Amino acid sequence: MKYAHTACLGGGVIGASWAALFLASGRSVTVYDPDPDIEWHVKSYIERAWPTLTALGLTTHGTPDAVSFATTAAAAVEGAGFIQENVPERLAIKHATFAEIEPVLQADAIVASSASGLMLSQMQGGWKNPARFVLGHPFNPPHLIPLVEVLGNDKTADGIVDEARAFYESVGKITIEVKKERNGHVANRLQAALWREAISLVRDGVATLEDVDKAVWAGPGLRWAAMGPTTLFHLGAGAGGLQAFCEHFADTFHGWWDELGHAKLDADTIKILVDGIADAHGDASQADLSAARDALILAMQQATKSLR
Ligand SMILES: NC(=O)c1ccc[n+]([C@@H]2O[C@H](COP(=O)([O-])OP(=O)(O)OC[C@H]3O[C@@H](n4cnc5c(N)ncnc54)[C@H](O)[C@@H]3O)[C@@H](O)[C@H]2O)c1
């Protein structure tokens with residue numbers, strides 16, 4: 001197996017989930033995190049994630065016991081072929097981590113950062129030679145949501161983005177390559193665009209928050225979980241395909257795009273949204289809602305596995 005030993009730097013929400021996934025694939029993982037309770041936190045996360053990973057068919061070769069803990073980042077990367085960095089989203093911490101591990105990395109190791117908000121080029125400032133360093137951006141929780149966005153640039157060695165993608169795919173992920181740096185990469189920009197319009201519809205009283213959410217999950221959201229928006233429109237105009245769809249609906253979409261709403265998360269807007277959530281979900285706890293979300297996502301993935 002390639003990259004049989006891995007490391008996770010930072011074992012919080014994202015690091016613990018990556019660790020569980022790497023273990024499930026039959027790899028060993030060493031975690032470094034300065035939190036004194038990290039061993040308990042990561043082990044309990046793995047224990048909670050394991051039934052989900054098993055239900056996804058991902059634990060055939062793995063054991064949750066192949067996790068170990070190091071007391072420094074440098075010690076954690078010793079002997080590791082693939083290193084996933086999940087330290088807090090602060091450039092100084094990322095830079096300090098890279099500077100510490102670079103001198104002791106295996107020559108053929110790949111390091112990937114989970115960073116959501118920082119640019120690859122900013123993070124490369126922490127390296128003497130960032131040739132084997134990429135962005136490997138997951139969605140929370142990485143052990144359940146398939147997508148990983150991988151990005152390299154002109155300082156990345158040839159083939160490293162492809163190698164990182166192959167590694168993620170070997171642990172059960174679906175990858176895309178982000179070819180240019182953009183704030184928010186790809187998927188978070190798409191989420192932000194949709195959420196801006198959802199907020200504006202709720203704020204302007206066009207529909208309740210509950211109904212706007214429902215309009216997504218019971219409507220186009222279900223289609224988007226099957227295929228992307230442009231492919232779906234390609235199927236939306238019969239035999240003429242996307243060309244016919246665009247010609248037919250150009251004026252309609254231009255009219256909608258001209259009118260799309262703007263949103264700011266100011267105090268008034270936040271209150272509208274928080275009140276809308278209370279109306280939609282009553283007394284349901286965060287834990288109840290999270291469990292319902294994870295059960296639905298798991299069931300959808302199980303049901304569609306043989307069709308992909
Ligand atoms: N939470 C998300 O939804 C999400 C999604 C995708 C990507 N990310 C990215 O993942 C990264 C981690 O985010 P998170 O949500 O897991 O944060 P988190 O706060 O849950 O975890 C960060 C962990 O890093 C540890 N830490 C602090 N200093 C450290 C150091 N010097 N070395 C090693 N570990 C250190 C902390 O103790 C903590 O356990 C960020 O870059 C974030 O942008 C987060």
# chains A, B, ... in the order shown; residues from 1 in each chain; ligands from 1
call {"tool": "residues_near_ligand", "arguments": {"ligand": "ligand 1", "cutoff": "8 Å", "atoms": "only C-alpha atoms and all ligand atoms", "output": "PyMOL selection string"}}
result
chain A and resi 9-16+32-35+38+72-73+85-90+93-94+96-97+113-118+137-142
call {"tool": "select_by_dssp", "arguments": {"residues": "region 82-186 of chain A", "states": "strand (DSSP E)", "output": "list in words"}}
result
Phe82, Ile83, Gln84, Glu85, Ile110, Val111, Ala112, Ser113, Phe133, Val134, Leu135, Gly136, His137, Pro138, Leu147, Val148, Glu149, Val150, Leu151, Ile174, Thr175, Ile176 and Glu177 of chain A
call {"tool": "closest_residue", "arguments": {"among": "A:Lys128, A:Gly236, A:Arg203, A:Met119", "to": "Arg223 (chain A)", "atoms": "only C-alpha atoms"}}
result
A:Gly236
call {"tool": "residues_around", "arguments": {"residues": "Leu260 (chain A)", "least_positions_apart": "4", "cutoff": "10 Å", "atoms": "only C-alpha atoms", "output": "list in words"}}
result
Ala193, Arg196, Glu197, Ser200, Leu201, Gly255 and Trp256 of chain A
call {"tool": "select_by_dssp", "arguments": {"residues": "region 41-223 of chain A", "states": "alpha helix (DSSP H)", "output": "VMD selection string"}}
result
chain A and resid 41 to 55 73 to 76 91 to 101 120 to 124 160 to 170 187 to 203 209 to 217 220 to 223
call {"tool": "closest_residue", "arguments": {"among": "A:Met227, A:Val111, A:Ala207, A:Ala198", "to": "Val161 (chain A)", "atoms": "only C-alpha atoms"}}
result
A:Val111
call {"tool": "closest_residue", "arguments": {"among": "A:Ala263, A:Pro229, A:His254, A:Glu47", "to": "Leu242 (chain A)", "atoms": "only C-alpha atoms"}}
result
A:Pro229
call {"tool": "residues_around", "arguments": {"residues": "Leu147 (chain A)", "least_positions_apart": "4", "cutoff": "12 Å", "atoms": "only C-alpha atoms", "output": "list in words"}}
result
Gly136, His137, Pro138, Phe139, Asn140, Pro141, Pro142, His143, Arg165, Tyr168, Glu169, Val171, Gly172, Lys173, Ile174, Thr175, Ile176, Glu177, Val186, Ala187, Asn188 and Ala225 of chain A
call {"tool": "residues_around", "arguments": {"residues": "Asp211 (chain A)", "least_positions_apart": "4", "cutoff": "10 Å", "atoms": "only C-alpha atoms", "output": "list in words"}}
result
Val202, Val206, Ala207, Ala215, Val216, Trp217, Ala218, Gly276 and Ala280 of chain A
call {"tool": "write_last_selection", "arguments": {"atoms": "N, CA and C atoms", "output": "mmCIF file, in the first residue's frame"}}
result
data_model
loop_
_atom_site.group_PDB
_atom_site.id
_atom_site.type_symbol
_atom_site.label_atom_id
_atom_site.label_comp_id
_atom_site.auth_asym_id
_atom_site.auth_seq_id
_atom_site.Cartn_x
_atom_site.Cartn_y
_atom_site.Cartn_z
ATOM 1 N N VAL A 202 -35.165 35.289 2.562
ATOM 2 C CA VAL A 202 -35.759 35.253 3.915
ATOM 3 C C VAL A 202 -35.906 36.686 4.437
ATOM 4 N N VAL A 206 -39.819 36.854 1.240
ATOM 5 C CA VAL A 206 -40.355 36.104 0.096
ATOM 6 C C VAL A 206 -40.843 34.721 0.538
ATOM 7 N N ALA A 207 -40.142 34.127 1.489
ATOM 8 C CA ALA A 207 -40.570 32.841 2.078
ATOM 9 C C ALA A 207 -39.892 32.722 3.440
ATOM 10 N N ALA A 215 -36.908 24.425 -0.033
ATOM 11 C CA ALA A 215 -36.826 24.608 -1.494
ATOM 12 C C ALA A 215 -35.510 24.081 -2.039
ATOM 13 N N VAL A 216 -34.484 24.075 -1.192
ATOM 14 C CA VAL A 216 -33.199 23.525 -1.645
ATOM 15 C C VAL A 216 -33.200 22.006 -1.529
ATOM 16 N N TRP A 217 -33.475 21.485 -0.286
ATOM 17 C CA TRP A 217 -33.251 20.036 -0.122
ATOM 18 C C TRP A 217 -34.296 19.180 -0.823
ATOM 19 N N ALA A 218 -35.545 19.715 -0.962
ATOM 20 C CA ALA A 218 -36.572 18.901 -1.618
ATOM 21 C C ALA A 218 -36.646 19.185 -3.111
ATOM 22 N N GLY A 276 -35.556 32.495 12.470
ATOM 23 C CA GLY A 276 -36.066 31.555 11.460
ATOM 24 C C GLY A 276 -35.685 30.125 11.778
ATOM 25 N N ALA A 280 -38.134 27.050 12.605
ATOM 26 C CA ALA A 280 -38.079 25.836 11.774
ATOM 27 C C ALA A 280 -37.855 24.585 12.603
#
call {"tool": "atom_distance", "arguments": {"atom1": "CA of Phe82 (chain A)", "atom2": "CA of His5 (chain A)"}}
result
7.2 Å
call {"tool": "atom_distance", "arguments": {"atom1": "CA of Gln84 (chain A)", "atom2": "CA of Arg182 (chain A)"}}
result
20.9 Å
call {"tool": "closest_residue", "arguments": {"among": "A:Thr156, A:Gln106, A:Thr269, A:Ser290", "to": "Pro130 (chain A)", "atoms": "only C-alpha atoms"}}
result
A:Thr156
call {"tool": "closest_residue", "arguments": {"among": "A:Ile110, A:Asp37, A:Ala239, A:Glu259", "to": "Gly79 (chain A)", "atoms": "only C-alpha atoms"}}
result
A:Ile110
call {"tool": "closest_residue", "arguments": {"among": "A:Lys155, A:Pro103, A:His248, A:Ala303", "to": "Val77 (chain A)", "atoms": "only C-alpha atoms"}}
result
A:Pro103
